[in-house]
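Each remark here refers to the structure printed beneath this line.
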Amino acid sequence: MDRQPGLSVRLKLTLSYAGFLMLTGFLMLVAAWLAGPGQSVDLLGYIPDKVIRILGALVPGNRAFLLRAYAPAAAIVLAFLLVFGLFGGWILAGRMLAPLIRITDATRLATNGSLSHRIQLPGRRDEFRELADGFDTMLERIEAHVGEQRRFAANASHELRTPLAITRTLLDVARNDPNRDTGELVDRLHVINTRAIDLTEALLLLSRADQRSFIREHVDLSLIAEEATETLLPLAEKRGLSIETSGDVTHTVGSHALLLQMTTNLVHNAIVHNLPERGAVWVTTSVHPEAAVLTVENTGETLAPELVSTLVEPFRRGTERIRTDHAGVGLGLAIVKSITQAHDGILTLTPRPAGGLRVTVQLPGAPHRDR
């Protein structure tokens with residue numbers, strides 16, 4: 001925003017200090033002049049202002065004579081107060097505004113793209129230091145968010161570019177070999193196109209969750225868990241896994257569609273990343289004080305805590321990036337994280353001692369409403 005140049009805050013404070021000091025001095029001089037008999041300040045009250053006789057002579061206007069002698073001294077005092085107020089006010093304002101100057105410099109650096117700079121204002125807590133600490137915290141969050149978005153954009157562009165490159169290669173091969181079987185080509189193009197569509201839809205869902213552009217309503221997590229489990233039961237049976245759903249009626253407030261997608265992603269992730277045979281998945285819901293909790297556990301390989309902390313990053317699975325031939329698109333837990341945050345919840349990933357993963361989603365609870 002373009003603004004017209006104006007007086008600095010330091011100059012305004014200096015003029016305010018000097019003006020206040022001048023006003024105080026002026027009022028003191030006026031009080032001394034107007035003070036009458038019986039007052040604590042009694043400089044002029046006993047001086048008559050009429051003609052008096054002294055040693056046979058008439059002396060008119062004694063108070064007027066004193067005023068002429070009093071006025072220059074008062075002017076000198078006011079001038080001294082003005083100079084002292086301006087000089088002292090400038091020094092004091094500079095010392096008071098020094099933290100604000102550091103905050104302003106940090107703001108300019110952040111505007112120019114330097115998010116790694118921190119103010120780190122020393123001293124005891126006051127308004128300026130609380131502002132500086134809040135600004136440092138904001139910069140840390142912005143820097144982390146920008147870094148995450150850059151990584152996500154790079155990964156997304158790579159994942160979207162891969163199926164397009166494969167499609168172009170297949171089409172080039174088909175054009176150079178007219179006698180090639182088109183049925184196989186169509187099947188492969190269909191698989192690649194389906195994966196690109198799934199990835200695009202996942203990106204759109206992730207963006208929707210990040211923007212919180214959804215209608216909130218009362219939902220029951222236990223019913224959502226049952227719906228997601230029934231949807232993925234054929235996949236679990238195909239892989240020889242068992243799914244167990246249990247828990248109490250668990251009410252929260254949010255988007256039914258997004259919470260269903262979140263639960264489906266968790267159950268699907270638990271099925272896909274499981275033991276080759278005789279694995280199990282447990283889906284439970286519970287009510288805690290002012291919280292609704294959804295927990296999804298699965299058997300599987302033993303996971304290191306360092307690895308678990310990276311699983312919510314986009315396009316990550318285990319220790320390697322998602323390959324194009326994998327059934328998923330690498331956004332399952334990233335979408336879960338975004339949906340959880342959009343509902344003001346907390347997502348916790350914990351490796352199970354016996355192998356596998358325990359994922360806990362804690363959402364704000366809601367009272368039960370009878371329909």
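Each chain in the structure tokens gets a letter, A, B and so on, in the order shown; residues start at 1 in every chain, and ligands are counted from 1 in the order they appear.
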
Point to revise | Selection: 9 Å around A:Pro353, only C-alpha atoms, excl. self and same-chain fewer than 3 positions, as number ranges by chain | key: A: 302-303, 356-357

Exercise for review: List the neighbours of stretch 184-199 of chain A out to 8 Å using only C-alpha atoms; skip same-chain residues closer than 2 positions along the sequence, and give me the result as a list in words.
Suggested key: Leu160, Pro163, Ile166, Thr167, Leu170, Ala174, Asp181, Thr182, Glu201, Ala202, Leu203 and Val329 of chain A

Using N, CA, C and O atoms, can you write the selected residues to a file as a PDB file, in the first residue's frame?
```
ATOM      1  N   LEU A 160       2.925 -36.330 -11.451  1.00  0.00           N
ATOM      2  CA  LEU A 160       2.048 -36.083 -12.591  1.00  0.00           C
ATOM      3  C   LEU A 160       2.793 -36.185 -13.915  1.00  0.00           C
ATOM      4  O   LEU A 160       2.215 -36.536 -14.946  1.00  0.00           O
ATOM      5  N   PRO A 163       3.283 -40.347 -15.375  1.00  0.00           N
ATOM      6  CA  PRO A 163       2.320 -41.022 -16.252  1.00  0.00           C
ATOM      7  C   PRO A 163       2.197 -40.370 -17.622  1.00  0.00           C
ATOM      8  O   PRO A 163       1.962 -41.059 -18.620  1.00  0.00           O
ATOM      9  N   ILE A 166       5.116 -41.662 -19.645  1.00  0.00           N
ATOM     10  CA  ILE A 166       4.897 -43.051 -20.057  1.00  0.00           C
ATOM     11  C   ILE A 166       3.871 -43.113 -21.188  1.00  0.00           C
ATOM     12  O   ILE A 166       4.037 -43.876 -22.154  1.00  0.00           O
ATOM     13  N   THR A 167       2.827 -42.310 -21.084  1.00  0.00           N
ATOM     14  CA  THR A 167       1.815 -42.284 -22.139  1.00  0.00           C
ATOM     15  C   THR A 167       2.412 -41.847 -23.460  1.00  0.00           C
ATOM     16  O   THR A 167       2.126 -42.438 -24.522  1.00  0.00           O
ATOM     17  N   LEU A 170       4.468 -44.716 -24.912  1.00  0.00           N
ATOM     18  CA  LEU A 170       3.648 -45.775 -25.489  1.00  0.00           C
ATOM     19  C   LEU A 170       3.056 -45.355 -26.832  1.00  0.00           C
ATOM     20  O   LEU A 170       2.992 -46.150 -27.788  1.00  0.00           O
ATOM     21  N   ALA A 174       3.697 -47.070 -30.466  1.00  0.00           N
ATOM     22  CA  ALA A 174       2.589 -47.516 -31.308  1.00  0.00           C
ATOM     23  C   ALA A 174       2.620 -46.849 -32.677  1.00  0.00           C
ATOM     24  O   ALA A 174       2.283 -47.481 -33.689  1.00  0.00           O
ATOM     25  N   ASP A 181      -0.009 -54.868 -31.224  1.00  0.00           N
ATOM     26  CA  ASP A 181      -1.335 -55.177 -30.693  1.00  0.00           C
ATOM     27  C   ASP A 181      -1.887 -53.955 -29.948  1.00  0.00           C
ATOM     28  O   ASP A 181      -1.334 -53.516 -28.939  1.00  0.00           O
ATOM     29  N   THR A 182      -2.979 -53.396 -30.436  1.00  0.00           N
ATOM     30  CA  THR A 182      -3.557 -52.208 -29.816  1.00  0.00           C
ATOM     31  C   THR A 182      -4.283 -52.520 -28.510  1.00  0.00           C
ATOM     32  O   THR A 182      -4.457 -51.638 -27.679  1.00  0.00           O
ATOM     33  N   GLU A 201      -7.475 -36.278  -8.323  1.00  0.00           N
ATOM     34  CA  GLU A 201      -8.561 -36.200  -7.339  1.00  0.00           C
ATOM     35  C   GLU A 201      -8.013 -36.117  -5.917  1.00  0.00           C
ATOM     36  O   GLU A 201      -8.570 -35.399  -5.069  1.00  0.00           O
ATOM     37  N   ALA A 202      -6.934 -36.830  -5.649  1.00  0.00           N
ATOM     38  CA  ALA A 202      -6.329 -36.757  -4.317  1.00  0.00           C
ATOM     39  C   ALA A 202      -5.771 -35.364  -4.043  1.00  0.00           C
ATOM     40  O   ALA A 202      -5.910 -34.829  -2.935  1.00  0.00           O
ATOM     41  N   LEU A 203      -5.160 -34.755  -5.053  1.00  0.00           N
ATOM     42  CA  LEU A 203      -4.637 -33.398  -4.892  1.00  0.00           C
ATOM     43  C   LEU A 203      -5.763 -32.401  -4.641  1.00  0.00           C
ATOM     44  O   LEU A 203      -5.636 -31.486  -3.818  1.00  0.00           O
ATOM     45  N   VAL A 329      -1.376 -43.497  -4.484  1.00  0.00           N
ATOM     46  CA  VAL A 329      -0.709 -42.367  -5.120  1.00  0.00           C
ATOM     47  C   VAL A 329       0.205 -41.634  -4.143  1.00  0.00           C
ATOM     48  O   VAL A 329       0.736 -40.575  -4.463  1.00  0.00           O
TER      49      VAL A 329
END
```

Check your understanding: Given the choices A:Asp126, A:Asp172, A:Glu297, A:Glu306, which gets closest to A:Trp282 if the distance is worked out from only C-alpha atoms?
Key ->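 When distances to A:Trp282 are compared using only C-alpha atoms, the smallest one comes from A:Glu297.
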
Which residues, written as a PDB file with all heavy atoms, in the first residue's frame, have at least one atom at most 6 Å from stretch 262-273 of chain A, with only C-alpha atoms counted and residues fewer than 6 positions away on the same chain left out?
```
ATOM      1  N   ALA A 228     -16.526 -47.370   6.387  1.00  0.00           N
ATOM      2  CA  ALA A 228     -15.225 -47.525   5.721  1.00  0.00           C
ATOM      3  C   ALA A 228     -14.773 -48.981   5.761  1.00  0.00           C
ATOM      4  O   ALA A 228     -14.211 -49.503   4.785  1.00  0.00           O
ATOM      5  CB  ALA A 228     -14.192 -46.624   6.384  1.00  0.00           C
ATOM      6  N   ASN A 298      -2.694 -51.965  12.863  1.00  0.00           N
ATOM      7  CA  ASN A 298      -2.505 -53.094  11.964  1.00  0.00           C
ATOM      8  C   ASN A 298      -1.211 -53.815  12.299  1.00  0.00           C
ATOM      9  O   ASN A 298      -0.295 -53.239  12.896  1.00  0.00           O
ATOM     10  CB  ASN A 298      -2.470 -52.624  10.504  1.00  0.00           C
ATOM     11  CG  ASN A 298      -1.235 -51.793  10.194  1.00  0.00           C
ATOM     12  OD1 ASN A 298      -0.987 -50.785  10.848  1.00  0.00           O
ATOM     13  ND2 ASN A 298      -0.474 -52.207   9.186  1.00  0.00           N
ATOM     14  N   GLY A 332      -2.171 -40.804   0.897  1.00  0.00           N
ATOM     15  CA  GLY A 332      -3.140 -41.298   1.863  1.00  0.00           C
ATOM     16  C   GLY A 332      -3.014 -40.647   3.218  1.00  0.00           C
ATOM     17  O   GLY A 332      -3.952 -40.009   3.717  1.00  0.00           O
ATOM     18  N   VAL A 336      -4.997 -37.591   5.323  1.00  0.00           N
ATOM     19  CA  VAL A 336      -5.467 -37.794   6.695  1.00  0.00           C
ATOM     20  C   VAL A 336      -4.985 -36.652   7.591  1.00  0.00           C
ATOM     21  O   VAL A 336      -5.748 -36.105   8.406  1.00  0.00           O
ATOM     22  CB  VAL A 336      -4.981 -39.152   7.229  1.00  0.00           C
ATOM     23  CG1 VAL A 336      -5.246 -39.269   8.727  1.00  0.00           C
ATOM     24  CG2 VAL A 336      -5.657 -40.289   6.482  1.00  0.00           C
TER      25      VAL A 336
END
```

Exercise for review: Determine, counting only C-alpha atoms, which protein, DNA and RNA residues have an atom within 10 Å of an atom of stretch 293-296 of chain A; residues of the same chain fewer than 5 positions away are not included. Present the result as a PyMOL selection string.
Suggested key: chain A and resi 221-222+225+244-245+247+250-252+263+266-267+269-270+281-288+345-349+357-365

Practice item. Would you please extract all strand (DSSP E) residues from stretch 216-318 of chain A, as assigned by DSSP on the backbone, and give them as a ChimeraX atom specification? Key: /A:217-220,242-247,251-254,280-288,291-298,316-317

Review point. How far is it from atom CA of A:Ala209 to atom CA of A:Leu258, in Å with one decimal?
Key: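 Computing the Euclidean distance for atom CA of A:Ala209 and atom CA of A:Leu258 yields 7.7 Å.
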
Review point. To one decimal place, how far is atom CA of A:Lys337 from atom CA of A:Arg212 in Å?
Key: 12.9 Å

Point to revise | Length of the atom CA of A:Thr350 to atom CA of A:Leu235 vector [Å] | key: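 Pair atom CA of A:Thr350 / atom CA of A:Leu235 returns 24.2 Å.
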
Contact residues around A:Leu131 with only C-alpha atoms at 10 Å, ignoring same-chain residues under 5 positions, as a compact mmCIF listing (two decimals) with N, CA and C atoms, in the first residue's frame:
```
# COMPACT_ATOMS: atom_id res chain seq x y z
N PRO A 99 13.44 -1.76 20.20
CA PRO A 99 12.91 -3.10 19.85
C PRO A 99 12.00 -3.06 18.63
N LEU A 100 11.22 -1.99 18.49
CA LEU A 100 10.33 -1.90 17.34
C LEU A 100 11.11 -1.78 16.03
N ILE A 103 12.10 -5.24 15.08
CA ILE A 103 10.95 -5.97 14.55
C ILE A 103 10.65 -5.52 13.12
N LEU A 121 14.58 -11.11 20.64
CA LEU A 121 14.74 -9.90 21.44
C LEU A 121 15.05 -10.27 22.89
N ARG A 125 9.98 -9.89 29.85
CA ARG A 125 8.78 -9.83 29.04
C ARG A 125 8.07 -8.49 29.16
N ASP A 126 7.74 -7.90 28.03
CA ASP A 126 6.89 -6.72 27.97
C ASP A 126 6.14 -6.78 26.64
N ASP A 136 8.44 -14.25 15.83
CA ASP A 136 9.37 -15.36 15.59
C ASP A 136 8.62 -16.68 15.43
N THR A 137 7.62 -16.90 16.27
CA THR A 137 6.82 -18.12 16.15
C THR A 137 6.10 -18.18 14.81
```

Review point. So which residues of stretch 64-218 of chain A fall under helix (DSSP H, G or I) by DSSP, listed as a PyMOL selection string?
Key: chain A and resi 64-111+127-176+182-211
